[in-house]
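Q: Dumping the structure here so I can ask a few things about it.
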Amino acid sequence: MFITYIKRARAAENSKESAKELKKMITFNTLVVTELVNDIKGVSADVSTEEVVKEDVTKTEDEDWDLLPTLRKTNPDKELVEKMGKPGQMEITLKDDLPERDRTDLYKTYLIYCLTGDVTKIPFGAQITNKRNDSEYVLLNQLGGILGLSGKEIVDVHRSLAEQAFRQQAEVILADGQLTKAKVEQLTNLQKEVGLPEEYAQKVIKSITTNKMAAAIETAVTQGRLNIKQIRELKEAGVDLDNMVSKNMRELLFKKTVGDIFSSGTGEFDDEEVYENIPSDLNINKEKSRVVVRQLAETRLSNSLIQAVALLRQRNHIGVVSGFLNLIFS
């Protein structure tokens with residue numbers, strides 16, 4: 001019968017209807033299966049509130065996760081237990097009948113139902129959301145038992161949803177990739193609201209800002225707005241450029257930097273800077289860098305001469321000198 005309810009839940013047209021089928025399974029377990037199990041065992045159907053609370057509580061090995069609001073709500077207090085009545089049996093489960101992934105997905109479906117509530121459509125395209133009360137979380141706890149989920153598996157589902165909720169809202173707050181004092185306060189309040197431990201919240205924040213910064217740096221390199229001096233400043237500030245900027249982009253930046261040196265008109269060339277320091281800063285192959293320098297020099301030889309001749313005809317003497325310096329330098 002449990003499997004029959006599961007099949008109906010999977011075949012439902014939407015997650016709301018799927019959750020309702022799971023709710024029917026929980027009710028069936030409480031009213032029918034529990035009575036049968038008690039009859040077989042010869043156990044009285046009367047269970048004290050203290051025993052109910054003891055059976056339904058989901059404990060974690062990490063106290064940090066006990067702060068998750070959704071997880072706390074699955075641990076009913078005495079008053080709510082008395083209102084809900086006796087709990088369902090947890091001896092007959094689906095642990096050996098369904099893969100772990102399927103069981104956690106079903107649990108997650110009902111958890112989302114607890115969070116979002118029912119959505120009722122009304123005329124003119126509007127809709128009303130009816131929030132679920134805490135009793136739904138008690139049923140969620142019982143569903144976890146029927147599905148044969150361990151405490152760790154249940155916590156993992158609650159944690160993944162908390163991280164997802166935090167990330168979605170943090171993405172909006174950090175849309176420009178900048179972390180200001182005001183935004184830190186917003187993120188701190190958000191972290192407390194979803195109950196996510198600070199360590200995990202910081203990992204999410206770092207991931208978002210890193211990705212945003214990486215995209216900005218890649219764009220700056222492509223548009224020629226980033227030079228080797230700025231790269232060194234970023235590295236000194238602790239920015240991990242090797243992971244943020246692709247190897248192809250770093251090689252492109254090296255090529256542009258050498259090209260700028262060739263076009264400077266000063267005739268100055270620092271072997272150590274070009275062949276050692278810059279490749280090292282960009283973490284690119286030094287031997288390959290030498291080949292790039294040679295290819296650029298050969299290409300610019302003819303171009304520099306043609307440009308110098310053109311400037312001579314225009315009587316641009318300073319430009320001619322600059323062009324010849326580039327020619328000699330190349």
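Residue numbers start at 1 in each chain; chains themselves are named A, B, ... in the order of the structure tokens; ligands are numbered from 1 in the order shown.
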Among stretch 107-270 of chain A, which residues does DSSP mark as strand (DSSP E) when it is run on the backbone? Keep the chain and numbering as in the structure and answer as an MDAnalysis selection string.
A: chainID A and resid 118:121 127:130
Q: Just write the chosen residues, N, CA and C atoms, as a PDB file, in the first residue's frame.
A:
```pdb
ATOM      1  N   ASP A 118      -0.451  25.986   0.190  1.00  0.00           N
ATOM      2  CA  ASP A 118      -1.336  25.805  -0.959  1.00  0.00           C
ATOM      3  C   ASP A 118      -1.483  27.111  -1.718  1.00  0.00           C
ATOM      4  N   VAL A 119      -1.541  27.017  -3.026  1.00  0.00           N
ATOM      5  CA  VAL A 119      -1.770  28.191  -3.865  1.00  0.00           C
ATOM      6  C   VAL A 119      -3.142  28.061  -4.508  1.00  0.00           C
ATOM      7  N   THR A 120      -4.044  28.999  -4.193  1.00  0.00           N
ATOM      8  CA  THR A 120      -5.397  28.973  -4.727  1.00  0.00           C
ATOM      9  C   THR A 120      -5.559  30.086  -5.754  1.00  0.00           C
ATOM     10  N   LYS A 121      -5.967  29.735  -6.945  1.00  0.00           N
ATOM     11  CA  LYS A 121      -6.174  30.736  -7.998  1.00  0.00           C
ATOM     12  C   LYS A 121      -7.551  31.367  -7.856  1.00  0.00           C
ATOM     13  N   GLN A 127      -3.699  34.993  -7.338  1.00  0.00           N
ATOM     14  CA  GLN A 127      -3.652  33.761  -6.553  1.00  0.00           C
ATOM     15  C   GLN A 127      -3.390  34.073  -5.088  1.00  0.00           C
ATOM     16  N   ILE A 128      -3.872  33.185  -4.227  1.00  0.00           N
ATOM     17  CA  ILE A 128      -3.704  33.339  -2.786  1.00  0.00           C
ATOM     18  C   ILE A 128      -2.908  32.161  -2.256  1.00  0.00           C
ATOM     19  N   THR A 129      -1.877  32.444  -1.457  1.00  0.00           N
ATOM     20  CA  THR A 129      -1.061  31.385  -0.869  1.00  0.00           C
ATOM     21  C   THR A 129      -1.473  31.170   0.585  1.00  0.00           C
ATOM     22  N   ASN A 130      -1.885  29.944   0.903  1.00  0.00           N
ATOM     23  CA  ASN A 130      -2.262  29.591   2.265  1.00  0.00           C
ATOM     24  C   ASN A 130      -1.089  28.894   2.931  1.00  0.00           C
TER      25      ASN A 130
END
```
Q: Could you give me, as a PDB file with N, CA and C atoms, in the first residue's frame, the residues within 10 Å of A:Phe254, counting only C-alpha atoms and dropping anything in the same chain fewer than 5 positions from it?
A:
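Everything below was put into result_16.pdb:
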```pdb
ATOM      1  N   ASN A 227      45.889  45.607 -17.155  1.00  0.00           N
ATOM      2  CA  ASN A 227      47.299  45.464 -17.516  1.00  0.00           C
ATOM      3  C   ASN A 227      48.044  44.655 -16.457  1.00  0.00           C
ATOM      4  N   ILE A 228      49.309  44.377 -16.705  1.00  0.00           N
ATOM      5  CA  ILE A 228      50.085  43.521 -15.823  1.00  0.00           C
ATOM      6  C   ILE A 228      50.261  44.151 -14.435  1.00  0.00           C
ATOM      7  N   ASN A 248      43.884  30.578 -21.421  1.00  0.00           N
ATOM      8  CA  ASN A 248      43.861  31.271 -22.717  1.00  0.00           C
ATOM      9  C   ASN A 248      43.826  32.782 -22.537  1.00  0.00           C
ATOM     10  N   MET A 249      43.037  33.239 -21.538  1.00  0.00           N
ATOM     11  CA  MET A 249      42.942  34.671 -21.266  1.00  0.00           C
ATOM     12  C   MET A 249      44.263  35.214 -20.742  1.00  0.00           C
ATOM     13  N   GLY A 259      52.992  43.268 -26.782  1.00  0.00           N
ATOM     14  CA  GLY A 259      52.672  44.142 -27.911  1.00  0.00           C
ATOM     15  C   GLY A 259      52.759  45.608 -27.522  1.00  0.00           C
ATOM     16  N   ASP A 260      52.290  45.927 -26.320  1.00  0.00           N
ATOM     17  CA  ASP A 260      52.363  47.313 -25.833  1.00  0.00           C
ATOM     18  C   ASP A 260      53.819  47.754 -25.650  1.00  0.00           C
ATOM     19  N   VAL A 274      60.231  40.474 -19.241  1.00  0.00           N
ATOM     20  CA  VAL A 274      59.404  39.859 -20.286  1.00  0.00           C
ATOM     21  C   VAL A 274      59.464  38.341 -20.250  1.00  0.00           C
ATOM     22  N   ILE A 278      56.855  38.488 -15.973  1.00  0.00           N
ATOM     23  CA  ILE A 278      55.465  38.531 -16.463  1.00  0.00           C
ATOM     24  C   ILE A 278      54.877  37.128 -16.622  1.00  0.00           C
ATOM     25  N   PRO A 279      55.595  36.171 -17.264  1.00  0.00           N
ATOM     26  CA  PRO A 279      55.055  34.812 -17.350  1.00  0.00           C
ATOM     27  C   PRO A 279      54.793  34.198 -15.971  1.00  0.00           C
ATOM     28  N   ASP A 281      54.043  35.871 -13.173  1.00  0.00           N
ATOM     29  CA  ASP A 281      52.860  36.519 -12.601  1.00  0.00           C
ATOM     30  C   ASP A 281      51.565  35.970 -13.203  1.00  0.00           C
ATOM     31  N   LEU A 282      51.630  35.637 -14.495  1.00  0.00           N
ATOM     32  CA  LEU A 282      50.440  35.130 -15.184  1.00  0.00           C
ATOM     33  C   LEU A 282      50.347  33.603 -15.119  1.00  0.00           C
ATOM     34  N   ILE A 284      52.032  31.232 -16.727  1.00  0.00           N
ATOM     35  CA  ILE A 284      51.999  30.600 -18.054  1.00  0.00           C
ATOM     36  C   ILE A 284      53.390  30.044 -18.370  1.00  0.00           C
ATOM     37  N   SER A 289      56.173  31.367 -23.881  1.00  0.00           N
ATOM     38  CA  SER A 289      56.151  32.829 -23.890  1.00  0.00           C
ATOM     39  C   SER A 289      57.254  33.390 -24.776  1.00  0.00           C
ATOM     40  N   VAL A 292      56.158  33.256 -28.306  1.00  0.00           N
ATOM     41  CA  VAL A 292      55.177  34.313 -28.580  1.00  0.00           C
ATOM     42  C   VAL A 292      55.885  35.641 -28.830  1.00  0.00           C
ATOM     43  N   VAL A 293      56.894  35.950 -27.993  1.00  0.00           N
ATOM     44  CA  VAL A 293      57.656  37.193 -28.150  1.00  0.00           C
ATOM     45  C   VAL A 293      58.346  37.234 -29.521  1.00  0.00           C
TER      46      VAL A 293
END
```
Q: Can you list every residue of stretch 194-310 of chain A that has an atom at most 10 Å from stretch 164-170 of chain A, with its nearest atom pair and the distance in Å to one decimal, using only C-alpha atoms, ordered by chain then number, as JSON lines?
A:
```
{"residue": "A:Val194", "atom": "CA", "partner": "A:Phe166", "partner_atom": "CA", "distance": 6.9}
{"residue": "A:Gly195", "atom": "CA", "partner": "A:Phe166", "partner_atom": "CA", "distance": 9.4}
{"residue": "A:Leu196", "atom": "CA", "partner": "A:Phe166", "partner_atom": "CA", "distance": 7.9}
{"residue": "A:Tyr200", "atom": "CA", "partner": "A:Phe166", "partner_atom": "CA", "distance": 10.0}
{"residue": "A:Ala201", "atom": "CA", "partner": "A:Phe166", "partner_atom": "CA", "distance": 7.6}
{"residue": "A:Val204", "atom": "CA", "partner": "A:Arg167", "partner_atom": "CA", "distance": 6.4}
{"residue": "A:Ile205", "atom": "CA", "partner": "A:Ala170", "partner_atom": "CA", "distance": 7.2}
{"residue": "A:Ser207", "atom": "CA", "partner": "A:Arg167", "partner_atom": "CA", "distance": 9.6}
{"residue": "A:Ile208", "atom": "CA", "partner": "A:Ala170", "partner_atom": "CA", "distance": 8.0}
{"residue": "A:Thr209", "atom": "CA", "partner": "A:Ala170", "partner_atom": "CA", "distance": 9.9}
```
Q: With only C-alpha atoms as the basis for distance, which of A:Leu234, A:Leu187, A:Leu174, A:Leu22 is at the shortest distance from A:Asn211?
A: A:Leu174
Q: Give me the residues within 9 Å of A:Ser15 as a list in words, counting only C-alpha atoms and dropping any in the same chain fewer than 3 places off.
A: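 Here the answer would be Ala9, Arg10, Ala12, Ser18, Ala19, Lys20, Thr109, Tyr110, Ile112 and Tyr113 of chain A.
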Q: Keeping C-alpha atoms for every residue in the selection just given, could you write it to a file as a CSV table (one decimal), in the first residue's frame?
A:
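To be explicit, this is the file written out as selection-v3.csv:
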```csv
chain,number,residue,atom,x,y,z
A,9,ALA,CA,2.5,10.8,-5.7
A,10,ARG,CA,4.9,10.3,-8.6
A,12,ALA,CA,0.5,13.6,-9.7
A,18,SER,CA,2.1,14.8,-5.0
A,19,ALA,CA,2.5,16.1,-1.4
A,20,LYS,CA,-1.2,15.5,-0.8
A,109,THR,CA,8.7,17.4,-2.0
A,110,TYR,CA,6.7,17.4,1.2
A,112,ILE,CA,8.7,22.3,0.1
A,113,TYR,CA,4.9,21.8,0.5
```
